[in-house]
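Heads up, input_20.txt below (compact mmCIF, C-alpha atoms and all ligand atoms):
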```
# COMPACT_ATOMS: atom_id res chain seq x y z
CA MET A 1 197.05 179.81 -95.61
CA ARG A 2 198.03 176.18 -95.89
CA GLU A 3 200.60 175.15 -93.28
CA VAL A 4 203.12 172.41 -93.90
CA TYR A 5 205.22 171.54 -90.87
CA LEU A 6 208.41 169.81 -91.98
CA ASP A 7 210.47 170.43 -88.84
CA ASN A 8 209.61 167.35 -86.78
CA ALA A 9 213.28 166.76 -85.93
CA ALA A 10 213.23 170.08 -84.05
CA THR A 11 210.06 169.23 -82.19
CA THR A 12 206.72 167.52 -82.76
CA LYS A 13 203.16 168.61 -82.14
CA LEU A 14 201.69 167.37 -78.85
CA ASP A 15 199.42 164.39 -79.50
CA GLU A 16 195.78 164.89 -78.41
CA LYS A 17 195.60 161.54 -76.58
CA VAL A 18 198.81 162.39 -74.74
CA LEU A 19 197.41 165.76 -73.71
CA GLU A 20 194.24 164.09 -72.42
CA GLU A 21 196.26 161.81 -70.14
CA MET A 22 198.24 164.77 -68.84
CA LEU A 23 195.37 167.12 -68.04
CA PRO A 24 194.20 165.61 -64.72
CA PHE A 25 197.76 166.03 -63.41
CA LEU A 26 197.71 169.72 -64.36
CA ARG A 27 194.33 170.15 -62.64
CA GLU A 28 192.99 168.16 -59.70
CA LYS A 29 195.79 165.59 -59.27
CA TYR A 30 198.37 168.17 -58.26
CA GLY A 31 199.94 166.43 -55.25
CA ASN A 32 203.68 166.23 -54.67
CA PRO A 33 204.79 162.60 -55.25
CA SER A 34 206.98 162.85 -52.15
CA SER A 35 204.00 163.63 -49.87
CA LEU A 36 202.76 160.77 -47.71
CA HIS A 37 199.05 161.59 -47.96
CA SER A 38 196.83 160.11 -50.59
CA LYS A 39 196.98 163.14 -52.87
CA GLY A 40 200.74 162.75 -52.99
CA GLN A 41 200.56 158.99 -53.39
CA GLU A 42 198.13 159.35 -56.30
CA ALA A 43 200.84 161.30 -58.17
CA LYS A 44 203.56 158.92 -57.00
CA ASN A 45 201.61 155.91 -58.26
CA ALA A 46 201.04 157.54 -61.63
CA ILE A 47 204.78 158.11 -62.01
CA GLU A 48 205.56 154.53 -61.10
CA GLU A 49 202.98 153.27 -63.60
CA SER A 50 204.68 155.38 -66.25
CA ARG A 51 208.07 154.00 -65.24
CA GLU A 52 206.70 150.48 -65.56
CA LYS A 53 205.23 151.29 -68.98
CA VAL A 54 208.52 152.74 -70.24
CA SER A 55 210.54 149.83 -68.87
CA VAL A 56 208.34 147.30 -70.68
CA ILE A 57 208.84 149.15 -73.97
CA LEU A 58 212.61 149.43 -73.50
CA ASN A 59 212.81 145.87 -72.10
CA SER A 60 214.53 147.02 -68.93
CA LYS A 61 213.73 146.99 -65.24
CA PRO A 62 211.67 149.88 -63.82
CA GLU A 63 214.55 150.89 -61.53
CA GLU A 64 216.75 151.35 -64.58
CA ILE A 65 214.56 154.22 -65.84
CA ILE A 66 215.44 157.75 -64.69
CA PHE A 67 213.04 160.58 -65.59
CA THR A 68 214.81 163.86 -66.39
CA GLY A 69 213.84 167.33 -67.61
CA SER A 70 214.98 166.97 -71.25
CA GLY A 71 217.04 165.04 -73.78
CA THR A 72 219.88 167.43 -73.03
CA GLU A 73 219.73 166.60 -69.35
CA SER A 74 219.69 162.84 -70.04
CA ASP A 75 222.78 163.22 -72.24
CA ASN A 76 224.55 165.38 -69.66
CA LEU A 77 223.73 163.01 -66.82
CA ALA A 78 224.97 160.01 -68.81
CA VAL A 79 228.22 161.56 -70.02
CA LEU A 80 229.21 163.83 -67.12
CA GLY A 81 227.71 161.53 -64.50
CA TYR A 82 229.40 158.36 -65.74
CA ALA A 83 232.81 159.92 -66.40
CA ARG A 84 233.00 161.70 -63.04
CA LYS A 85 231.81 158.69 -61.04
CA ASN A 86 234.19 156.23 -62.71
CA GLN A 87 237.34 158.26 -63.22
CA GLU A 88 239.53 156.08 -60.99
CA LYS A 89 239.15 153.37 -63.66
CA GLY A 90 240.49 155.66 -66.38
CA ARG A 91 240.10 159.10 -67.87
CA HIS A 92 239.84 158.40 -71.60
CA LEU A 93 236.52 158.82 -73.43
CA ILE A 94 235.30 158.28 -76.99
CA THR A 95 232.62 160.08 -78.99
CA THR A 96 232.05 161.30 -82.57
CA THR A 97 232.23 164.58 -84.45
CA ILE A 98 228.50 164.44 -85.30
CA GLU A 99 226.95 164.31 -81.84
CA HIS A 100 224.20 166.66 -80.75
CA HIS A 101 225.59 169.60 -78.74
CA ALA A 102 224.06 168.09 -75.58
CA VAL A 103 226.69 165.33 -75.84
CA LEU A 104 229.48 167.25 -77.56
CA ASP A 105 229.52 170.09 -75.05
CA ALA A 106 229.44 167.67 -72.12
CA PHE A 107 232.66 166.15 -73.49
CA LYS A 108 234.18 169.63 -73.93
CA LYS A 109 233.42 170.24 -70.26
CA LEU A 110 235.09 166.96 -69.29
CA GLU A 111 238.21 167.92 -71.27
CA LYS A 112 238.46 171.00 -69.06
CA GLU A 113 238.24 168.68 -66.05
CA GLY A 114 241.28 166.75 -67.29
CA PHE A 115 239.66 163.91 -69.25
CA GLU A 116 241.02 163.00 -72.67
CA VAL A 117 238.49 162.61 -75.50
CA THR A 118 238.84 160.91 -78.90
CA TYR A 119 236.42 162.28 -81.50
CA LEU A 120 235.75 159.66 -84.17
CA ASN A 121 235.36 161.00 -87.71
CA VAL A 122 232.63 159.89 -90.06
CA ASN A 123 232.80 159.08 -93.77
CA SER A 124 231.09 161.20 -96.45
CA GLU A 125 227.81 159.39 -95.70
CA GLY A 126 228.04 160.22 -91.99
CA LYS A 127 228.90 156.75 -90.69
CA ILE A 128 231.66 155.86 -88.24
CA ASN A 129 234.17 153.15 -89.02
CA MET A 130 234.24 150.07 -86.73
CA GLU A 131 237.98 149.56 -87.13
CA GLU A 132 238.62 153.15 -86.07
CA LEU A 133 236.39 152.61 -83.07
CA LYS A 134 238.35 149.47 -82.09
CA ASP A 135 241.68 151.25 -82.60
CA SER A 136 240.61 154.19 -80.44
CA ILE A 137 239.92 152.01 -77.38
CA ARG A 138 242.73 152.08 -74.79
CA GLU A 139 243.45 150.52 -71.40
CA ASP A 140 242.06 153.62 -69.69
CA THR A 141 238.93 154.08 -71.86
CA ILE A 142 235.83 154.05 -69.67
CA LEU A 143 233.01 155.44 -71.83
CA ALA A 144 231.95 155.77 -75.46
CA SER A 145 228.96 157.87 -76.51
CA ILE A 146 227.71 157.55 -80.07
CA ILE A 147 224.50 159.00 -81.47
CA TYR A 148 221.95 156.39 -82.65
CA ALA A 149 220.38 158.48 -85.43
CA ASN A 150 221.66 161.95 -86.20
CA ASN A 151 219.31 164.90 -85.79
CA GLU A 152 220.60 166.85 -88.80
CA ILE A 153 221.27 164.30 -91.52
CA GLY A 154 219.33 161.33 -90.12
CA VAL A 155 222.19 158.86 -90.53
CA ILE A 156 221.78 155.69 -88.44
CA GLN A 157 224.83 154.06 -86.82
CA GLU A 158 225.33 150.31 -86.27
CA ILE A 159 224.41 150.46 -82.60
CA LYS A 160 224.39 146.69 -81.98
CA GLU A 161 227.85 146.28 -83.47
CA ILE A 162 229.18 149.29 -81.54
CA SER A 163 227.71 147.89 -78.29
CA ARG A 164 229.37 144.55 -78.97
CA ILE A 165 232.79 146.15 -79.54
CA CYS A 166 232.46 148.30 -76.42
CA GLY A 167 231.28 145.35 -74.33
CA GLU A 168 234.18 143.12 -75.42
CA ASN A 169 236.59 145.86 -74.37
CA ASN A 170 234.91 146.66 -71.08
CA VAL A 171 233.92 150.16 -72.24
CA THR A 172 230.53 151.47 -71.08
CA PHE A 173 228.36 152.53 -74.01
CA HIS A 174 225.88 155.41 -74.11
CA THR A 175 223.72 156.29 -77.10
CA ASP A 176 221.62 159.38 -77.71
CA ALA A 177 218.39 157.92 -79.12
CA CYS A 178 216.30 161.12 -79.11
CA GLN A 179 215.73 161.01 -82.87
CA ALA A 180 215.53 157.22 -83.04
CA ALA A 181 212.61 156.43 -80.75
CA ASN A 182 209.86 157.02 -83.32
CA TYR A 183 211.30 154.69 -85.93
CA LEU A 184 213.98 152.33 -84.64
CA GLU A 185 214.50 149.48 -82.18
CA THR A 186 214.62 150.67 -78.56
CA ASP A 187 214.94 147.28 -76.80
CA VAL A 188 218.04 147.82 -74.65
CA GLU A 189 218.77 144.08 -74.40
CA GLU A 190 218.61 143.70 -78.14
CA LEU A 191 220.76 146.81 -78.67
CA GLY A 192 223.19 145.92 -75.87
CA VAL A 193 223.53 149.50 -74.64
CA ASP A 194 224.43 150.48 -71.05
CA LEU A 195 223.00 154.01 -71.12
CA MET A 196 220.43 155.46 -73.52
CA SER A 197 218.87 158.93 -73.71
CA LEU A 198 215.36 159.59 -75.01
CA ASN A 199 213.21 162.68 -75.01
CA SER A 200 209.57 163.50 -75.14
CA SER A 201 209.35 166.48 -77.46
CA LYS A 202 210.49 164.47 -80.51
CA ILE A 203 207.84 161.78 -80.07
CA TYR A 204 204.66 163.90 -79.90
CA GLY A 205 204.94 164.29 -76.14
CA PRO A 206 205.26 167.50 -74.10
CA LYS A 207 208.47 169.54 -74.20
CA GLY A 208 210.73 169.44 -71.17
CA ALA A 209 210.87 165.73 -70.35
CA GLY A 210 213.51 163.08 -70.93
CA ILE A 211 214.43 159.52 -70.03
CA LEU A 212 217.80 158.07 -69.19
CA TYR A 213 218.01 154.29 -69.26
CA LYS A 214 220.84 153.21 -66.96
CA SER A 215 221.79 149.56 -66.79
CA LYS A 216 221.67 148.27 -63.20
CA GLY A 217 225.39 147.70 -62.71
CA LYS A 218 226.44 151.19 -63.88
CA GLU A 219 227.08 154.01 -61.44
CA LEU A 220 226.54 157.72 -62.06
CA GLU A 221 227.29 160.88 -60.16
CA PRO A 222 224.18 163.11 -60.10
CA ILE A 223 224.42 166.58 -61.62
CA VAL A 224 221.44 167.97 -59.68
CA HIS A 225 221.52 167.59 -55.90
CA GLY A 226 218.69 167.92 -53.37
CA GLY A 227 215.65 165.93 -52.27
CA GLY A 228 216.79 162.60 -53.68
CA GLN A 229 214.02 161.98 -56.22
CA GLU A 230 214.59 159.54 -59.12
CA PHE A 231 216.77 157.19 -57.07
CA ASN A 232 218.90 160.17 -56.09
CA PHE A 233 220.01 160.71 -59.70
CA ARG A 234 217.74 163.67 -60.39
CA SER A 235 216.56 165.69 -57.41
CA GLY A 236 213.66 168.11 -57.72
CA THR A 237 209.89 167.68 -57.59
CA GLU A 238 208.88 165.53 -60.52
CA ASN A 239 207.13 167.11 -63.50
CA VAL A 240 204.28 164.64 -63.08
CA ALA A 241 202.13 165.64 -66.06
CA ASN A 242 205.12 165.62 -68.42
CA ILE A 243 206.25 162.21 -67.23
CA ILE A 244 202.75 160.76 -67.73
CA GLY A 245 202.60 162.36 -71.19
CA MET A 246 206.04 161.14 -72.22
CA ALA A 247 205.28 157.55 -71.24
CA LYS A 248 202.05 157.64 -73.23
CA ALA A 249 203.89 159.18 -76.20
CA LEU A 250 206.53 156.46 -76.11
CA GLU A 251 203.84 153.80 -75.96
CA LYS A 252 202.19 155.25 -79.07
CA ALA A 253 205.53 155.57 -80.85
CA SER A 254 206.42 151.94 -80.24
CA LYS A 255 203.01 150.77 -81.38
CA HIS A 256 203.10 152.65 -84.68
CA ARG A 257 206.83 152.32 -85.35
CA GLN A 258 206.70 149.71 -88.12
CA GLU A 259 203.84 151.03 -90.26
CA GLU A 260 204.86 154.67 -89.80
CA SER A 261 208.44 153.92 -90.84
CA GLU A 262 207.25 152.21 -93.99
CA ARG A 263 204.84 155.02 -94.83
CA LEU A 264 207.42 157.76 -94.30
CA LYS A 265 210.22 155.97 -96.15
CA LYS A 266 208.11 156.05 -99.31
CA LEU A 267 207.37 159.75 -98.88
CA ARG A 268 211.02 160.49 -98.03
CA ASP A 269 212.36 158.74 -101.12
CA TYR A 270 209.77 160.39 -103.33
CA PHE A 271 210.73 163.81 -101.97
CA ILE A 272 214.48 163.13 -102.30
CA ASN A 273 214.05 162.04 -105.91
CA GLU A 274 212.08 165.15 -106.77
CA LEU A 275 214.60 167.42 -105.03
CA LEU A 276 217.55 165.82 -106.79
CA LYS A 277 215.90 166.51 -110.14
CA MET A 278 216.55 170.16 -109.39
CA GLU A 279 219.87 171.45 -110.70
CA ASN A 280 222.95 171.66 -108.44
CA THR A 281 221.31 169.90 -105.53
CA LYS A 282 222.99 167.30 -103.32
CA LEU A 283 221.68 164.91 -100.66
CA ASN A 284 223.62 165.07 -97.38
CA GLY A 285 224.06 161.82 -95.45
CA ALA A 286 223.47 158.17 -96.28
CA LYS A 287 220.67 157.20 -98.63
CA GLU A 288 219.81 153.84 -97.03
CA ASP A 289 220.89 154.03 -93.37
CA ARG A 290 218.76 157.06 -92.79
CA LEU A 291 215.78 157.93 -90.61
CA PRO A 292 212.50 157.46 -92.51
CA ASN A 293 211.56 161.09 -91.86
CA ASN A 294 214.82 162.91 -92.66
CA ILE A 295 215.75 164.75 -95.83
CA ASN A 296 218.81 167.00 -95.81
CA VAL A 297 219.89 168.63 -99.06
CA SER A 298 222.27 171.37 -100.12
CA PHE A 299 221.30 173.81 -102.84
CA LEU A 300 224.57 175.09 -104.26
CA ASN A 301 225.19 178.88 -104.27
CA ILE A 302 222.30 179.56 -101.93
CA GLU A 303 222.11 180.59 -98.28
CA GLY A 304 220.03 178.06 -96.40
CA GLU A 305 218.58 180.77 -94.13
CA SER A 306 217.09 182.62 -97.11
CA VAL A 307 215.30 179.48 -98.27
CA ILE A 308 213.86 178.89 -94.79
CA LEU A 309 212.53 182.44 -94.52
CA MET A 310 211.01 182.44 -98.00
CA LEU A 311 209.35 179.06 -97.42
CA SER A 312 208.06 180.31 -94.09
CA GLU A 313 206.17 183.06 -95.92
CA GLU A 314 204.39 180.30 -97.82
CA GLY A 315 203.47 178.49 -94.59
CA ILE A 316 206.17 175.83 -95.03
CA TYR A 317 208.37 175.21 -92.00
CA ALA A 318 211.77 173.58 -92.41
CA SER A 319 215.20 174.09 -90.90
CA THR A 320 218.85 174.68 -91.61
CA GLY A 321 220.91 172.13 -89.74
CA SER A 322 219.83 171.77 -86.12
CA ALA A 323 217.79 174.33 -84.20
CA CYS A 324 220.83 175.27 -82.12
CA SER A 325 223.14 175.94 -85.06
CA SER A 326 220.33 177.95 -86.70
CA ASN A 327 220.60 180.39 -83.80
CA SER A 328 224.35 180.80 -84.06
CA LEU A 329 224.40 181.22 -87.87
CA GLU A 330 227.51 179.05 -87.95
CA SER A 331 227.79 176.36 -90.55
CA SER A 332 226.73 173.06 -88.98
CA HIS A 333 229.43 170.88 -87.40
CA VAL A 334 227.67 167.80 -88.77
CA ILE A 335 227.71 168.98 -92.39
CA LYS A 336 231.36 169.99 -91.89
CA ALA A 337 232.17 166.52 -90.58
CA LEU A 338 231.00 165.00 -93.88
CA GLY A 339 233.92 166.78 -95.52
CA LEU A 340 231.77 168.79 -97.91
CA PRO A 341 233.05 171.97 -99.52
CA ALA A 342 232.13 175.08 -97.47
CA GLU A 343 229.86 176.25 -100.33
CA LEU A 344 227.59 173.32 -99.56
CA GLY A 345 227.69 173.64 -95.78
CA HIS A 346 225.93 176.99 -95.73
CA SER A 347 223.27 175.88 -98.14
CA SER A 348 221.90 172.82 -96.37
CA ILE A 349 218.21 172.48 -95.57
CA ARG A 350 216.60 169.85 -93.39
CA PHE A 351 213.04 168.73 -94.04
CA SER A 352 211.81 166.37 -91.33
CA LEU A 353 208.50 164.62 -91.93
CA GLY A 354 206.04 163.56 -89.26
CA LYS A 355 202.84 161.63 -88.63
CA ASP A 356 200.66 164.29 -90.27
CA THR A 357 202.79 164.66 -93.41
CA THR A 358 201.07 163.71 -96.68
CA LYS A 359 202.20 163.45 -100.28
CA GLU A 360 200.10 166.56 -101.02
CA ASP A 361 202.18 168.46 -98.43
CA LEU A 362 205.35 167.45 -100.22
CA ASN A 363 204.00 168.37 -103.64
CA TYR A 364 202.91 171.75 -102.30
CA THR A 365 206.41 172.24 -100.86
CA LEU A 366 208.06 171.34 -104.17
CA GLU A 367 205.77 173.70 -106.03
CA LYS A 368 206.75 176.59 -103.72
CA LEU A 369 210.38 175.61 -103.40
CA ARG A 370 211.33 175.51 -107.09
CA PRO A 371 210.72 179.21 -107.79
CA VAL A 372 212.37 180.15 -104.47
CA ILE A 373 215.57 178.35 -105.43
CA LYS A 374 215.48 179.78 -108.94
CA LYS A 375 215.07 183.31 -107.63
CA LEU A 376 217.83 182.99 -105.03
CA ARG A 377 220.21 181.49 -107.62
CA GLN A 378 219.61 184.45 -109.92
CA MET A 379 220.46 186.79 -107.05
CA SER A 380 223.57 184.86 -106.06
CA PRO A 381 226.94 186.40 -107.01
CA LEU A 382 228.52 182.94 -107.06
CA ASN A 383 227.66 180.92 -110.06
CA LYS A 384 229.52 177.69 -109.87
CA ASN A 385 228.35 174.26 -110.83
CA LEU A 386 228.09 171.41 -108.38
CA SER A 387 230.44 169.23 -110.43
CA GLU A 388 233.17 171.94 -110.38
CA VAL A 389 232.82 172.46 -106.64
CA LEU A 390 232.98 168.74 -105.89
CA GLU A 391 235.91 168.21 -108.29
CA ASN A 392 238.00 170.92 -106.68
CA GLU A 393 237.90 169.09 -103.36
C1 LIG B 1 216.46 167.20 -79.50
C2 LIG B 1 217.65 166.40 -79.23
C3 LIG B 1 218.35 166.51 -78.02
C4 LIG B 1 217.95 167.51 -76.95
O1 LIG B 1 216.72 167.26 -76.40
P1 LIG B 1 215.96 168.42 -75.54
O2 LIG B 1 214.80 167.73 -74.96
O3 LIG B 1 215.62 169.50 -76.51
O4 LIG B 1 216.92 168.90 -74.52
C5 LIG B 1 219.45 165.72 -77.83
N1 LIG B 1 219.86 164.86 -78.78
C6 LIG B 1 219.24 164.73 -79.95
C7 LIG B 1 219.73 163.75 -80.94
C8 LIG B 1 218.11 165.49 -80.22
O5 LIG B 1 217.50 165.37 -81.39
```

As structure tokens, how would this structure be written, given the file I've shared?
Ligand SMILES: *Cc1c(COP(=O)(O)O)cnc(C)c1O
Amino acid sequence: MREVYLDNAATTKLDEKVLEEMLPFLREKYGNPSSLHSKGQEAKNAIEESREKVSVILNSKPEEIIFTGSGTESDNLAVLGYARKNQEKGRHLITTTIEHHAVLDAFKKLEKEGFEVTYLNVNSEGKINMEELKDSIREDTILASIIYANNEIGVIQEIKEISRICGENNVTFHTDACQAANYLETDVEELGVDLMSLNSSKIYGPKGAGILYKSKGKELEPIVHGGGQEFNFRSGTENVANIIGMAKALEKASKHRQEESERLKKLRDYFINELLKMENTKLNGAKEDRLPNNINVSFLNIEGESVILMLSEEGIYASTGSACSSNSLESSHVIKALGLPAELGHSSIRFSLGKDTTKEDLNYTLEKLRPVIKKLRQMSPLNKNLSEVLENE
């Protein structure tokens, strides 16, 4: 059976070249980087080369790069670590309603610890408002964390402008760039960010590896304590092979960023146009300020989960909302934040394209999708029209 993988926002396939660079560190180069002998130093040197490589791509200093175990851990370390370490300066924090749970739940934890959090709303396209950001900043605001490109609807925020506003007001700025690294600018000087999270599994690297960029002047409290690895910010024996793989994956991503973005934008817009030709279908999130690989649509009167399962039987892999909200069967907090009627929240599907996606894949998907939607609509007890549903709002 033909397989069409359209779930690259959940995770990407490990790149062959990346795997090749990792293999020696899973075989003969197994030393502990903390060991003083040459087998240890061989691993240590490989990690430092990777750190150097990453820092050149991000335009930072090597000592500003912290290797972690995931995107989630980078987000947690940035948000929890910064807030806890700097709480004498103030206990007010800012974030948005459309963050990944790795950020959102870290803020929920901080609320329990006595911090106060402002959650910025987004407009119907998924973008935050700069005036609202400015108005939310107080004397005691120490940190703002705003997602660079959203994992569900692909909307891209004005990171440079947000950095500028935060900087002028002496607020430290963190961005979750896990979805952005394949397609958008990651130069931290250019972006003006203080903290930035990246992960490996979204850029054709191995799962279970992350990066936190931390600007030199910023202090963090570690969340994992022990042997003092990673400048004391992340204790525990380094996952050497994963770090090597992630650095290679980031290098490849930065090299192909431009051409791959242009290629995928064309495919994305073609696919969106074809989907919107189908009755009672709506695009979720901005049309322009959107990741080149993200398509998120709602099919009115249909359960998103049913579509996913029926497509899966045809070898087509897509997603409802994010992987985490798929598990909980709750309607996605991101779709909710757009202010859409509940009927549309439950019926959203995310197709995320990747480096292997072709136009033939998309045509095959459309061919299989149309009868699936038709069949599910016929089975649906609700039979409203999109215009009615949107009017009643
Ligand atoms: C995937 C993702 C994460 C979590 O990364 P893990 O490596 O799975 O922990 C965090 N933020 C965003 C935006 C993501 O897409």

Per residue of chain A within 8 Å of ligand LIG 1 (chain B), note the shortest atom pair and the distance in Å to one decimal, counting all atoms listed in the file, and order the rows by chain and increasing residue number, as CSV.
```
residue,atom,partner,partner_atom,distance
A:Ala9,CA,B:LIG1,O5,6.4
A:Ala10,CA,B:LIG1,C1,6.3
A:Thr11,CA,B:LIG1,C1,7.2
A:Gly69,CA,B:LIG1,O2,7.4
A:Ser70,CA,B:LIG1,O2,3.8
A:Gly71,CA,B:LIG1,O1,3.4
A:Thr72,CA,B:LIG1,O4,3.6
A:Glu73,CA,B:LIG1,O4,6.3
A:Asp75,CA,B:LIG1,C5,7.0
A:Glu99,CA,B:LIG1,C7,7.3
A:His100,CA,B:LIG1,N1,5.1
A:His101,CA,B:LIG1,C5,7.3
A:Ala102,CA,B:LIG1,C5,5.7
A:Val103,CA,B:LIG1,N1,7.5
A:Ile147,CA,B:LIG1,C7,6.8
A:Tyr148,CA,B:LIG1,C7,7.9
A:Ala149,CA,B:LIG1,C7,7.0
A:Asn150,CA,B:LIG1,C7,5.9
A:Asn151,CA,B:LIG1,O5,4.8
A:Asp176,CA,B:LIG1,C7,5.8
A:Ala177,CA,B:LIG1,C7,6.3
A:Cys178,CA,B:LIG1,C7,4.7
A:Gln179,CA,B:LIG1,O5,4.9
A:Ser197,CA,B:LIG1,N1,7.9
A:Leu198,CA,B:LIG1,N1,7.9
A:Asn199,CA,B:LIG1,O2,5.3
A:Ser200,CA,B:LIG1,O2,6.7
A:Ser201,CA,B:LIG1,O2,6.1
A:Lys202,CA,B:LIG1,C1,6.6
A:Lys207,CA,B:LIG1,O2,6.6
A:Gly208,CA,B:LIG1,O2,5.8
A:Ala209,CA,B:LIG1,O2,6.4
A:Gly210,CA,B:LIG1,O2,6.3
```

**Study point:** Residues within 8 Å of region 273-283 of chain A, all atoms listed in the file, excluding chain neighbours under 6 positions, as a PyMOL selection string
**Key:** chain A and resi 295-300+366+370+385-386

Practice item. Compile the contact shell of Gly31 (chain A) as a list in words: residues with an atom at most 10 Å away, counting all atoms listed in the file, same-chain residues fewer than 5 positions apart removed. Key: Phe25, Leu26, Leu36, His37, Ser38, Lys39, Gly40, Gln41, Glu42, Ala43, Lys44 and Val240 of chain A

Exercise for review: Please provide the set of residues having any atom within 9 Å of Glu343 (chain A), restricted to only C-alpha atoms, with same-chain residues fewer than 4 positions apart removed, written as a PyMOL selection string.
Suggested key: chain A and resi 300-302+347+389

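Using all atoms listed in the file, the shortest contact distance between Ile156 (chain A) and any of A:Gly339, A:Gly285, A:Gly304, A:Pro222 is found at A:Gly285.
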
Review point. By how many Å are CA of Asn59 (chain A) and CA of Tyr204 (chain A) apart?
Key: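 Going from CA of Asn59 (chain A) over to CA of Tyr204 (chain A) covers 21.3 Å.
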
Exercise for review: Would you mind listing what lies within 7 Å of Val224 (chain A) as a ChimeraX atom specification, with only C-alpha atoms counted and same-chain residues fewer than 2 positions away left out?
Suggested key: /A:222,226,234-235

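Of the residues under consideration (A:Ala106, A:Ile65, A:Ile316, A:Leu390), A:Ile316 shows the shortest atom-to-atom contact distance to Glu3 (chain A) when counting all atoms listed in the file.
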
Review point. Please, what distance in Å, to one decimal, runs between CA of Thr12 (chain A) and CA of Asp356 (chain A)?
Key: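 That distance, rounded to one decimal, is 10.2 Å.
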
What's around Lys108 (chain A) at 12 Å? Count only C-alpha atoms, leave out sequence neighbours fewer than 2 positions away in its own chain, and write the answer as a PDB file with C-alpha atoms, in the coordinates of the input.
```pdb
ATOM      1  CA  ASN A  76     224.550 165.380 -69.660  1.00  0.00           C
ATOM      2  CA  VAL A  79     228.220 161.560 -70.020  1.00  0.00           C
ATOM      3  CA  LEU A  80     229.210 163.830 -67.120  1.00  0.00           C
ATOM      4  CA  LEU A  93     236.520 158.820 -73.430  1.00  0.00           C
ATOM      5  CA  ILE A  94     235.300 158.280 -76.990  1.00  0.00           C
ATOM      6  CA  THR A  95     232.620 160.080 -78.990  1.00  0.00           C
ATOM      7  CA  THR A  97     232.230 164.580 -84.450  1.00  0.00           C
ATOM      8  CA  GLU A  99     226.950 164.310 -81.840  1.00  0.00           C
ATOM      9  CA  HIS A 101     225.590 169.600 -78.740  1.00  0.00           C
ATOM     10  CA  ALA A 102     224.060 168.090 -75.580  1.00  0.00           C
ATOM     11  CA  VAL A 103     226.690 165.330 -75.840  1.00  0.00           C
ATOM     12  CA  LEU A 104     229.480 167.250 -77.560  1.00  0.00           C
ATOM     13  CA  ASP A 105     229.520 170.090 -75.050  1.00  0.00           C
ATOM     14  CA  ALA A 106     229.440 167.670 -72.120  1.00  0.00           C
ATOM     15  CA  LEU A 110     235.090 166.960 -69.290  1.00  0.00           C
ATOM     16  CA  GLU A 111     238.210 167.920 -71.270  1.00  0.00           C
ATOM     17  CA  LYS A 112     238.460 171.000 -69.060  1.00  0.00           C
ATOM     18  CA  GLU A 113     238.240 168.680 -66.050  1.00  0.00           C
ATOM     19  CA  GLY A 114     241.280 166.750 -67.290  1.00  0.00           C
ATOM     20  CA  PHE A 115     239.660 163.910 -69.250  1.00  0.00           C
ATOM     21  CA  GLU A 116     241.020 163.000 -72.670  1.00  0.00           C
ATOM     22  CA  VAL A 117     238.490 162.610 -75.500  1.00  0.00           C
ATOM     23  CA  THR A 118     238.840 160.910 -78.900  1.00  0.00           C
ATOM     24  CA  TYR A 119     236.420 162.280 -81.500  1.00  0.00           C
TER      25      TYR A 119
END
```

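Considering all atoms listed in the file, the residue among A:Val54, A:Ala144, A:Leu133, A:Val4 positioned nearest to Leu311 (chain A) is A:Val4.
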
Check your understanding: What gap, in Å, lies between CA of Asn32 (chain A) and CA of Phe233 (chain A)?
Key ->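 Separation of CA of Asn32 (chain A) and CA of Phe233 (chain A): 18.0 Å.
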
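Nearest-residue note for Ser163 (chain A): choosing from A:Val193, A:Leu376, A:Val188, A:Ile146, the minimum distance belongs to A:Val193, counting all atoms listed in the file.
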
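Within 10 Å of the file-frame point (217.0, 159.0, -58.2), and using all atoms listed in the file, the polymer residues found are Glu63, Glu64, Ile65, Ile66, Phe67, Thr68, Pro222, His225, Gly227, Gly228, Gln229, Glu230, Phe231, Asn232, Phe233, Arg234, Ser235 and Gly236 of chain A.
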
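Of the residues under consideration (A:Pro341, A:Gly167, A:Gly245, A:Gly354), A:Gly245 shows the shortest atom-to-atom contact distance to Gly205 (chain A) when counting all atoms listed in the file.
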
Check your understanding: Between A:Ser254, A:Thr141, A:Thr186, A:Asn363, which one has atoms that come closest to Cys166 (chain A), using all atoms listed in the file?
Key -> A:Thr141
